[in-house]
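Novice: I'm passing along upload_29.tsv; it holds TSV, C-alpha atoms and all ligand atoms.
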chain	number	residue	atom	x	y	z
A	1	MET	CA	70.34	83.10	113.19
A	2	ILE	CA	68.13	84.36	115.96
A	3	GLU	CA	64.57	84.97	114.88
A	4	LEU	CA	60.97	85.05	115.92
A	5	ASN	CA	59.18	82.87	113.41
A	6	CYS	CA	56.40	80.67	114.82
A	7	GLY	CA	58.53	80.35	117.94
A	8	ILE	CA	61.98	81.52	118.91
A	9	ARG	CA	64.73	80.13	116.70
A	10	VAL	CA	68.28	80.25	117.96
A	11	GLY	CA	70.85	78.78	115.58
A	12	SER	CA	69.51	76.65	112.77
A	13	GLU	CA	68.66	73.65	114.93
A	14	LEU	CA	66.71	74.91	117.91
A	15	ILE	CA	63.09	76.09	117.97
A	16	ILE	CA	61.52	77.11	121.26
A	17	ASP	CA	57.81	77.00	122.12
A	18	PRO	CA	56.80	76.88	118.45
A	19	THR	CA	53.22	77.79	117.64
A	20	ARG	CA	53.02	75.10	114.94
A	21	VAL	CA	53.86	71.41	115.02
A	22	GLN	CA	57.57	70.73	114.36
A	23	GLU	CA	59.84	67.73	113.97
A	24	ALA	CA	61.62	68.82	117.16
A	25	ALA	CA	61.16	71.63	119.65
A	26	ALA	CA	62.22	72.81	123.09
A	27	VAL	CA	59.17	73.49	125.23
A	28	SER	CA	59.15	75.73	128.30
A	29	HIS	CA	56.22	74.19	130.19
A	30	ALA	CA	53.17	71.98	129.86
A	31	HIS	CA	50.38	74.56	129.44
A	32	SER	CA	48.38	73.84	126.32
A	33	ASP	CA	49.13	77.22	124.70
A	34	HIS	CA	52.84	76.35	124.73
A	35	ILE	CA	52.85	72.73	123.72
A	36	LYS	CA	51.95	71.12	120.41
A	37	ARG	CA	52.18	67.57	119.08
A	38	HIS	CA	55.83	67.82	118.04
A	39	LYS	CA	57.59	64.57	117.15
A	40	THR	CA	60.48	65.23	119.52
A	41	ILE	CA	60.25	67.48	122.58
A	42	PHE	CA	63.15	68.75	124.67
A	43	ALA	CA	61.80	69.68	128.10
A	44	THR	CA	62.28	69.12	131.82
A	45	PRO	CA	61.16	65.66	133.06
A	46	PRO	CA	57.97	66.96	134.80
A	47	THR	CA	57.01	68.94	131.68
A	48	LEU	CA	57.43	65.82	129.54
A	49	GLU	CA	55.15	63.84	131.88
A	50	LEU	CA	52.48	66.53	132.17
A	51	ALA	CA	52.57	66.95	128.37
A	52	ARG	CA	52.27	63.24	127.76
A	53	TYR	CA	49.00	63.22	129.64
A	54	TYR	CA	47.61	65.82	127.22
A	55	ILE	CA	49.13	65.14	123.83
A	56	GLY	CA	49.90	61.44	123.99
A	57	ASP	CA	52.94	59.89	122.44
A	58	PHE	CA	56.07	61.73	121.36
A	59	THR	CA	59.81	61.30	121.78
A	60	GLY	CA	60.76	63.10	124.96
A	61	VAL	CA	64.32	64.27	125.52
A	62	PRO	CA	64.69	65.27	129.18
A	63	ILE	CA	66.73	68.39	129.92
A	64	GLU	CA	67.53	69.25	133.53
A	65	TYR	CA	67.66	72.60	135.32
A	66	GLY	CA	71.17	74.05	135.52
A	67	LYS	CA	72.70	71.78	132.83
A	68	THR	CA	73.94	73.11	129.51
A	69	TYR	CA	73.08	71.24	126.30
A	70	ASN	CA	75.03	71.75	123.08
A	71	PHE	CA	73.55	72.02	119.63
A	72	ASN	CA	75.60	72.69	116.50
A	73	SER	CA	75.89	76.43	116.89
A	74	SER	CA	74.14	77.19	120.17
A	75	THR	CA	73.71	76.00	123.74
A	76	ILE	CA	70.64	75.90	125.94
A	77	ARG	CA	70.35	75.72	129.74
A	78	PRO	CA	66.95	75.34	131.39
A	79	GLU	CA	66.47	77.22	134.67
A	80	PRO	CA	63.40	77.28	136.97
A	81	ALA	CA	60.65	79.70	135.90
A	82	GLY	CA	58.47	79.56	139.06
A	83	HIS	CA	55.31	79.29	136.92
A	84	ILE	CA	54.14	75.66	137.26
A	85	LEU	CA	55.87	72.36	138.04
A	86	GLY	CA	58.68	71.80	135.52
A	87	SER	CA	58.41	75.26	133.96
A	88	ALA	CA	61.68	76.52	132.56
A	89	GLN	CA	63.36	79.66	131.38
A	90	PHE	CA	65.92	79.01	128.66
A	91	VAL	CA	69.35	80.61	128.90
A	92	MET	CA	71.07	80.33	125.53
A	93	ASP	CA	74.41	81.21	124.01
A	94	TYR	CA	74.71	81.83	120.32
A	95	SER	CA	77.65	83.54	118.60
A	96	ASP	CA	78.74	86.12	121.22
A	97	TYR	CA	75.26	86.64	122.55
A	98	ARG	CA	73.54	85.49	125.72
A	99	ILE	CA	69.84	85.13	125.04
A	100	VAL	CA	67.20	84.50	127.69
A	101	TYR	CA	63.64	83.39	127.06
A	102	THR	CA	61.72	83.53	130.34
A	103	GLY	CA	58.69	81.57	129.10
A	104	ASP	CA	55.76	82.08	131.45
A	105	PHE	CA	57.40	82.92	134.76
A	106	LYS	CA	56.87	84.30	138.22
A	107	LEU	CA	59.41	85.65	140.72
A	108	SER	CA	57.26	85.49	143.87
A	109	PRO	CA	56.81	82.09	145.58
A	110	ASN	CA	54.72	79.19	144.31
A	111	ASP	CA	54.38	76.18	146.61
A	112	THR	CA	54.39	73.73	143.71
A	113	CYS	CA	57.63	74.61	141.91
A	114	ALA	CA	61.19	75.80	142.24
A	115	PRO	CA	61.65	79.59	142.46
A	116	ALA	CA	62.82	81.56	139.42
A	117	GLU	CA	65.96	83.64	139.32
A	118	ILE	CA	66.86	86.55	137.08
A	119	HIS	CA	69.47	85.85	134.38
A	120	LYS	CA	71.65	88.54	132.86
A	121	CYS	CA	71.58	88.64	129.07
A	122	ASP	CA	72.06	90.60	125.84
A	123	ILE	CA	68.68	89.75	124.34
A	124	LEU	CA	65.63	89.10	126.52
A	125	PHE	CA	62.39	87.49	125.40
A	126	ILE	CA	60.12	88.11	128.37
A	127	ASP	CA	56.56	87.01	129.10
A	128	THR	CA	54.68	90.24	129.89
A	129	THR	CA	51.19	88.76	130.35
A	130	PHE	CA	50.56	91.16	133.24
A	131	GLY	CA	52.44	94.11	131.76
A	132	LYS	CA	50.04	96.73	133.09
A	133	LYS	CA	50.57	98.67	136.31
A	134	ARG	CA	47.38	97.46	137.97
A	135	PHE	CA	48.78	93.91	138.11
A	136	ASN	CA	50.76	94.13	141.32
A	137	PHE	CA	49.60	91.16	143.33
A	138	PRO	CA	49.26	90.99	147.11
A	139	ASP	CA	51.72	88.95	149.17
A	140	TYR	CA	51.59	85.17	148.52
A	141	ASN	CA	50.94	84.25	152.16
A	142	TYR	CA	48.07	86.73	152.33
A	143	LEU	CA	46.51	85.19	149.18
A	144	LYS	CA	46.90	81.70	150.61
A	145	GLN	CA	45.21	82.85	153.81
A	146	ARG	CA	42.32	84.35	151.82
A	147	LEU	CA	41.79	81.04	150.04
A	148	ILE	CA	41.85	79.12	153.32
A	149	GLU	CA	39.42	81.57	154.95
A	150	PHE	CA	37.05	81.36	151.97
A	151	VAL	CA	36.89	77.57	152.26
A	152	ASP	CA	36.60	77.66	156.06
A	153	ALA	CA	33.75	80.22	155.98
A	154	ALA	CA	31.82	78.29	153.32
A	155	ILE	CA	32.08	75.02	155.23
A	156	HIS	CA	30.97	76.70	158.47
A	157	SER	CA	27.86	78.05	156.76
A	158	GLY	CA	26.99	74.60	155.40
A	159	ASP	CA	27.89	75.57	151.81
A	160	ILE	CA	30.10	73.58	149.45
A	161	PRO	CA	33.16	75.63	148.46
A	162	ILE	CA	33.95	75.41	144.74
A	163	ILE	CA	37.35	76.68	143.63
A	164	PHE	CA	37.82	77.38	139.93
A	165	ALA	CA	41.40	76.65	138.92
A	166	TYR	CA	42.86	75.38	135.64
A	167	ASN	CA	43.65	71.67	135.64
A	168	CYS	CA	47.40	71.94	135.12
A	169	GLY	CA	49.34	73.92	137.71
A	170	LYS	CA	46.79	76.14	139.40
A	171	ALA	CA	44.57	73.24	140.54
A	172	GLN	CA	47.55	71.50	142.18
A	173	GLU	CA	48.64	74.76	143.83
A	174	VAL	CA	45.14	75.17	145.30
A	175	MET	CA	45.12	71.50	146.38
A	176	LYS	CA	48.53	71.92	148.02
A	177	ILE	CA	47.55	75.09	149.90
A	178	LEU	CA	44.27	73.62	151.15
A	179	GLY	CA	45.78	70.20	151.91
A	180	ASP	CA	48.52	71.82	154.01
A	181	ALA	CA	45.78	73.74	155.88
A	182	GLY	CA	44.05	70.45	156.80
A	183	PHE	CA	41.25	70.45	154.22
A	184	ASN	CA	40.33	67.78	151.71
A	185	THR	CA	40.18	68.66	148.04
A	186	TYR	CA	38.14	66.93	145.36
A	187	GLY	CA	39.35	67.31	141.77
A	188	THR	CA	38.63	66.14	138.24
A	189	GLU	CA	40.33	63.06	136.80
A	190	THR	CA	42.79	65.31	134.92
A	191	ALA	CA	43.62	67.39	138.00
A	192	MET	CA	44.15	64.14	139.94
A	193	ALA	CA	46.52	62.75	137.29
A	194	ASN	CA	48.48	66.01	137.34
A	195	ALA	CA	48.56	65.98	141.15
A	196	ASP	CA	50.03	62.46	141.02
A	197	ILE	CA	52.81	63.75	138.73
A	198	HIS	CA	53.44	66.58	141.22
A	199	SER	CA	53.74	64.05	144.07
A	200	LYS	CA	56.18	62.00	141.99
A	201	TYR	CA	58.39	65.08	141.65
A	202	GLY	CA	58.40	65.85	145.36
A	203	VAL	CA	55.46	68.26	145.69
A	204	ASP	CA	53.69	66.82	148.71
A	205	ILE	CA	49.97	67.42	148.10
A	206	LYS	CA	47.90	66.13	151.02
A	207	ASN	CA	44.30	64.86	151.16
A	208	TYR	CA	43.33	65.08	147.50
A	209	HIS	CA	40.53	62.88	146.18
A	210	GLU	CA	38.72	62.29	142.94
A	211	LEU	CA	35.45	64.16	142.67
A	212	SER	CA	32.51	61.74	142.97
A	213	GLN	CA	28.90	61.60	144.11
A	214	GLN	CA	30.14	61.49	147.66
A	215	TYR	CA	29.66	64.69	149.70
A	216	PRO	CA	32.97	66.61	149.88
A	217	GLU	CA	33.58	66.22	153.60
A	218	ASN	CA	35.59	69.07	155.22
A	219	GLY	CA	36.87	70.25	151.91
A	220	ALA	CA	36.56	72.07	148.62
A	221	ILE	CA	35.82	70.99	145.07
A	222	VAL	CA	38.49	72.14	142.61
A	223	VAL	CA	37.36	72.33	138.97
A	224	PRO	CA	38.40	74.30	135.88
A	225	PRO	CA	36.49	77.56	135.23
A	226	ASN	CA	34.73	76.09	132.17
A	227	TYR	CA	33.52	73.00	134.09
A	228	LYS	CA	30.20	71.95	132.50
A	229	PHE	CA	28.69	69.79	135.22
A	230	LEU	CA	28.65	72.24	138.10
A	231	ASP	CA	24.84	72.42	138.28
A	232	ASP	CA	24.66	68.61	138.48
A	233	LEU	CA	27.01	68.50	141.47
A	234	PHE	CA	25.14	68.18	144.77
A	235	PRO	CA	22.02	70.02	143.55
A	236	ASN	CA	20.51	70.08	147.05
A	237	TYR	CA	23.35	72.07	148.57
A	238	HIS	CA	24.22	75.73	148.25
A	239	LYS	CA	27.60	76.25	146.62
A	240	ARG	CA	29.98	79.15	147.17
A	241	THR	CA	32.34	79.82	144.26
A	242	CYS	CA	35.81	81.32	144.09
A	243	PHE	CA	38.02	81.89	141.04
A	244	THR	CA	41.79	81.99	141.52
A	245	THR	CA	43.48	84.02	138.76
A	246	GLY	CA	45.77	86.99	138.29
A	247	TRP	CA	43.05	88.45	136.05
A	248	ALA	CA	41.04	89.05	139.23
A	249	LEU	CA	42.69	92.49	139.30
A	250	TYR	CA	41.29	93.41	135.89
A	251	ARG	CA	38.09	95.39	136.24
A	252	SER	CA	36.22	94.09	133.22
A	253	TYR	CA	37.09	90.56	134.29
A	254	ILE	CA	35.50	91.13	137.69
A	255	ARG	CA	32.28	92.15	135.96
A	256	MET	CA	32.42	89.20	133.56
A	257	ARG	CA	32.73	86.44	136.14
A	258	TYR	CA	29.74	85.46	138.20
A	259	VAL	CA	31.50	84.09	141.23
A	260	ASP	CA	31.23	84.86	144.93
A	261	GLU	CA	34.92	85.56	145.36
A	262	LEU	CA	37.93	86.35	143.16
A	263	ILE	CA	41.43	85.75	144.54
A	264	PRO	CA	44.33	87.15	142.46
A	265	LEU	CA	46.52	84.09	142.87
A	266	SER	CA	48.67	84.46	139.76
A	267	ASP	CA	51.22	82.13	138.19
A	268	HIS	CA	52.73	85.00	136.18
A	269	ALA	CA	55.05	87.79	137.33
A	270	SER	CA	53.56	91.00	138.71
A	271	TYR	CA	54.22	94.28	136.92
A	272	ASN	CA	56.90	95.37	139.40
A	273	ASP	CA	58.65	92.01	139.05
A	274	LEU	CA	58.68	92.38	135.25
A	275	ILE	CA	60.45	95.72	135.65
A	276	ARG	CA	62.82	94.21	138.23
A	277	TYR	CA	63.66	91.36	135.85
A	278	VAL	CA	64.59	93.79	133.09
A	279	GLU	CA	66.61	96.03	135.41
A	280	GLU	CA	68.66	93.15	136.82
A	281	ALA	CA	69.03	91.21	133.54
A	282	ASN	CA	70.09	94.48	131.88
A	283	PRO	CA	69.55	93.35	128.27
A	284	ARG	CA	70.33	95.53	125.28
A	285	LYS	CA	67.24	94.36	123.41
A	286	ILE	CA	63.90	93.27	124.90
A	287	TYR	CA	61.03	91.48	123.20
A	288	CYS	CA	57.84	91.68	125.28
A	289	LEU	CA	55.72	88.63	124.50
A	290	PHE	CA	51.99	88.51	125.29
A	291	GLY	CA	50.06	90.99	127.39
A	292	PHE	CA	49.82	94.74	127.17
A	293	LYS	CA	51.73	97.49	125.41
A	294	ASP	CA	51.92	99.55	128.62
A	295	ILE	CA	55.10	97.88	129.80
A	296	VAL	CA	56.81	98.45	126.43
A	297	ASP	CA	56.14	102.19	126.73
A	298	ASP	CA	57.30	102.19	130.35
A	299	LEU	CA	60.54	100.35	129.48
A	300	LYS	CA	61.23	102.77	126.64
A	301	MET	CA	60.73	105.69	129.06
A	302	ARG	CA	63.30	104.02	131.31
A	303	GLY	CA	65.78	103.97	128.42
A	304	TYR	CA	65.47	100.33	127.34
A	305	ASN	CA	65.31	99.13	123.76
A	306	ALA	CA	62.01	97.26	124.08
A	307	VAL	CA	59.44	96.17	121.52
A	308	LYS	CA	56.19	94.26	121.66
A	309	ALA	CA	56.32	90.96	119.78
A	310	THR	CA	54.41	87.74	119.34
A	311	MET	CA	55.84	84.29	118.81
A	312	ALA	CA	54.24	84.21	115.37
A	313	ASN	CA	55.84	87.49	114.21
A	314	ARG	CA	58.48	87.01	111.63
A	315	LYS	CA	61.39	89.04	112.91
A	316	ASN	CA	64.90	88.34	111.79
A	317	ILE	CA	66.87	89.46	114.75
A	318	ASP	CA	70.28	88.86	113.18
A	319	ARG	CA	69.96	91.31	110.40
A	320	TYR	CA	68.57	94.35	112.17
A	321	VAL	CA	69.05	93.96	115.86
A	322	LEU	CA	72.46	92.40	116.19
A	323	LYS	CA	73.95	95.05	113.88
A	324	GLU	CA	72.30	97.78	115.91
A	325	MET	CA	73.52	96.16	119.13
A	326	ASP	CA	77.06	95.83	117.80
A	327	MET	CA	77.24	99.52	117.15
A	328	PHE	CA	76.93	100.11	120.88
A	329	ARG	CA	79.06	97.21	122.01
A	330	GLU	CA	81.29	97.96	124.98
B	401	ZN	ZN	51.72	78.94	131.27
Will you turn the file into structure tokens for me?
Specialist:
Amino acid sequence: MIELNCGIRVGSELIIDPTRVQEAAAVSHAHSDHIKRHKTIFATPPTLELARYYIGDFTGVPIEYGKTYNFNSSTIRPEPAGHILGSAQFVMDYSDYRIVYTGDFKLSPNDTCAPAEIHKCDILFIDTTFGKKRFNFPDYNYLKQRLIEFVDAAIHSGDIPIIFAYNCGKAQEVMKILGDAGFNTYGTETAMANADIHSKYGVDIKNYHELSQQYPENGAIVVPPNYKFLDDLFPNYHKRTCFTTGWALYRSYIRMRYVDELIPLSDHASYNDLIRYVEEANPRKIYCLFGFKDIVDDLKMRGYNAVKATMANRKNIDRYVLKEMDMFRE
């Protein structure tokens, strides 16, 4: 059995990134839209630790990058996804099929996690969050430089730089970039706890401090975009705000956000990298999860058997797809 049914099910015993609470599940990474309060979670050690901070107690079964784990009828091998610390793609074998689930992934560099590689497969479940042609992001080093220059310029004008970045992953990436450039960063309690977990797993984040009433000397405040207490922070100083997100390239988003600067620092793959993944993985069936329909149409034009899907769709892949694939088996 391979099916999409509140998660990806491969074999009878393995459910991946389920959208509802399960007895046991394999989880790709610690973002809250991928993790639920399952009783038992199979995940990489950093993902288990980041998850524990959010969802409390569960039985964690660590699975390491590059190692293959056997279930009754299937195997699973986590590989780096380049998205956040601990994020994994899952390479699975079931019957005669190689199945890859990318989870949220990125092919370009990210200073806080291992780089992702492309894995050849028969069936590909790919995260297409930015599956629209406008989402081709500038070079990583250029984006880092823009962030550094934003902070530097704000400090030189006597303003307090505020960087909006989600607490898990993006905040630590911003802290790492600015720390390496010689700045201090001041984060929320949650961002600090997550930064400590990063340090434990070898991501050397320099000069990060907990946000307090103390003036943020030579540095930037890093808070999530929905942070409620911004107006209460240093009311006598002018603040200059910057939001780091791939959505910065989406026009309506630019209008929606009242910030001084938007930097398209994304933790998802760019459009061109999505196409590159498909071309090199060369799957016979592609399920595009999340994002836009544009990429599905583009892939079809390129001759691929691609469909848009959601984790919650009920799609029995055995019955329809595997038969169809077998007809064209080489
Ligand atoms: Zn994610």
Novice: When the cut-off is 8 Å and you count only C-alpha atoms and all ligand atoms, which residues lie near ligand ZN 401 (chain B), shown as a list of chain:residue names?
Specialist: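 If we count only C-alpha atoms and all ligand atoms, the neighbours of ligand ZN 401 (chain B) turn out to be A:His29, A:Ala30, A:His31, A:Ser32, A:Asp33, A:His34, A:His83, A:Ile84, A:Gly103, A:Asp104, A:Phe105, A:Asp267, A:His268.
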Novice: Do a neighbour search on A:Phe243 at 12 Å with all atoms listed in the file, toss out local chain neighbours closer than 2 positions, and write the hits as a PyMOL selection string.
Specialist: chain A and resi 146-147+150+161-166+170-171+174+221-226+240-241+245-249+253-254+256-266
Novice: Nearest to A:Pro46: which of A:Ile99, A:Val91, A:Val27, A:Ala153 is it, counting only C-alpha atoms?
Specialist: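 Comparing A:Ile99, A:Val91, A:Val27, A:Ala153 against A:Pro46, the winner is A:Val27.
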Novice: Would you kindly return, as an NGL selection string, each protein, DNA or RNA residue with an atom no farther than 12 Å from any atom of A:Tyr277, considering all atoms listed in the file and excluding same-chain residues fewer than 3 positions away?
Specialist: :A and (100-102 or 105-108 or 116-121 or 124-128 or 269-274 or 280-283 or 286 or 299)
Novice: Using all atoms listed in the file, which residue out of A:Gly86, A:Pro80, A:Pro18, A:Gly7 lies closest to A:Thr44?
Specialist: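 Residue with the minimum atom-to-atom distance to A:Thr44: A:Gly86.
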Novice: Given only C-alpha atoms as the basis, pick out the residue of A:Ile197, A:Ala191, A:Ile155, A:Met311 nearest to A:Ile15.
Specialist: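 Result for the nearest residue to A:Ile15: A:Met311.
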Novice: Measuring between only C-alpha atoms, which one of A:Tyr69, A:Phe292, A:Phe58, A:Phe130 shows the shortest distance to A:Glu23?
Specialist: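 The closest residue to A:Glu23 is A:Phe58.
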Novice: Using all atoms listed in the file, which of the listed residues (A:Thr129, A:Asn5, A:Ser74, A:Thr185) sits closest to A:Leu211?
Specialist: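 Going through A:Thr129, A:Asn5, A:Ser74, A:Thr185 one by one, the smallest distance to A:Leu211 is for A:Thr185.
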Novice: As an exercise, work out the distance from atom CA of A:Glu49 to atom CA of A:Ser87 in Å and give it to one decimal place.
Specialist: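 Taking atom CA of A:Glu49 as the start and atom CA of A:Ser87 as the end point, the length is 12.1 Å.
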Novice: Give me, as a list in words, all polymer residues having an atom no more than 12 Å from A:Glu64, counting only C-alpha atoms and skipping those fewer than 6 positions away in the same chain.
Specialist: Ser28, Phe42, Ala43, Thr44, Pro45, Pro46, Thr47, Leu48, Ile76, Arg77, Pro78, Glu79, Pro80, Gly86, Ser87, Ala88, Gln89 and Phe90 of chain A
Novice: For a test of reading the model, state the distance in Å between atom CA of A:Asp232 and atom CA of A:Asn194, rounded to one decimal.
Specialist: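 Atom CA of A:Asp232 sits 24.0 Å away from atom CA of A:Asn194.
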Novice: So how far away is atom CA of A:Ser73 from atom CA of A:Arg284, in Å?
Specialist: 21.6 Å
Novice: Residues near A:Ala306, anyone? I mean within 8 Å using all atoms listed in the file, not counting same-chain ones fewer than 5 positions away, as a list in words.
Specialist: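 That gives Lys285, Ile286, Tyr287, Cys288, Val296, Leu299 and Lys300 of chain A.
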Novice: Could you take the residues named above and write them with C-alpha atoms, as a PDB file, keeping the file's coordinate frame?
Specialist:
ATOM      1  CA  LYS A 285      67.240  94.360 123.410  1.00  0.00           C
ATOM      2  CA  ILE A 286      63.900  93.270 124.900  1.00  0.00           C
ATOM      3  CA  TYR A 287      61.030  91.480 123.200  1.00  0.00           C
ATOM      4  CA  CYS A 288      57.840  91.680 125.280  1.00  0.00           C
ATOM      5  CA  VAL A 296      56.810  98.450 126.430  1.00  0.00           C
ATOM      6  CA  LEU A 299      60.540 100.350 129.480  1.00  0.00           C
ATOM      7  CA  LYS A 300      61.230 102.770 126.640  1.00  0.00           C
TER       8      LYS A 300
END
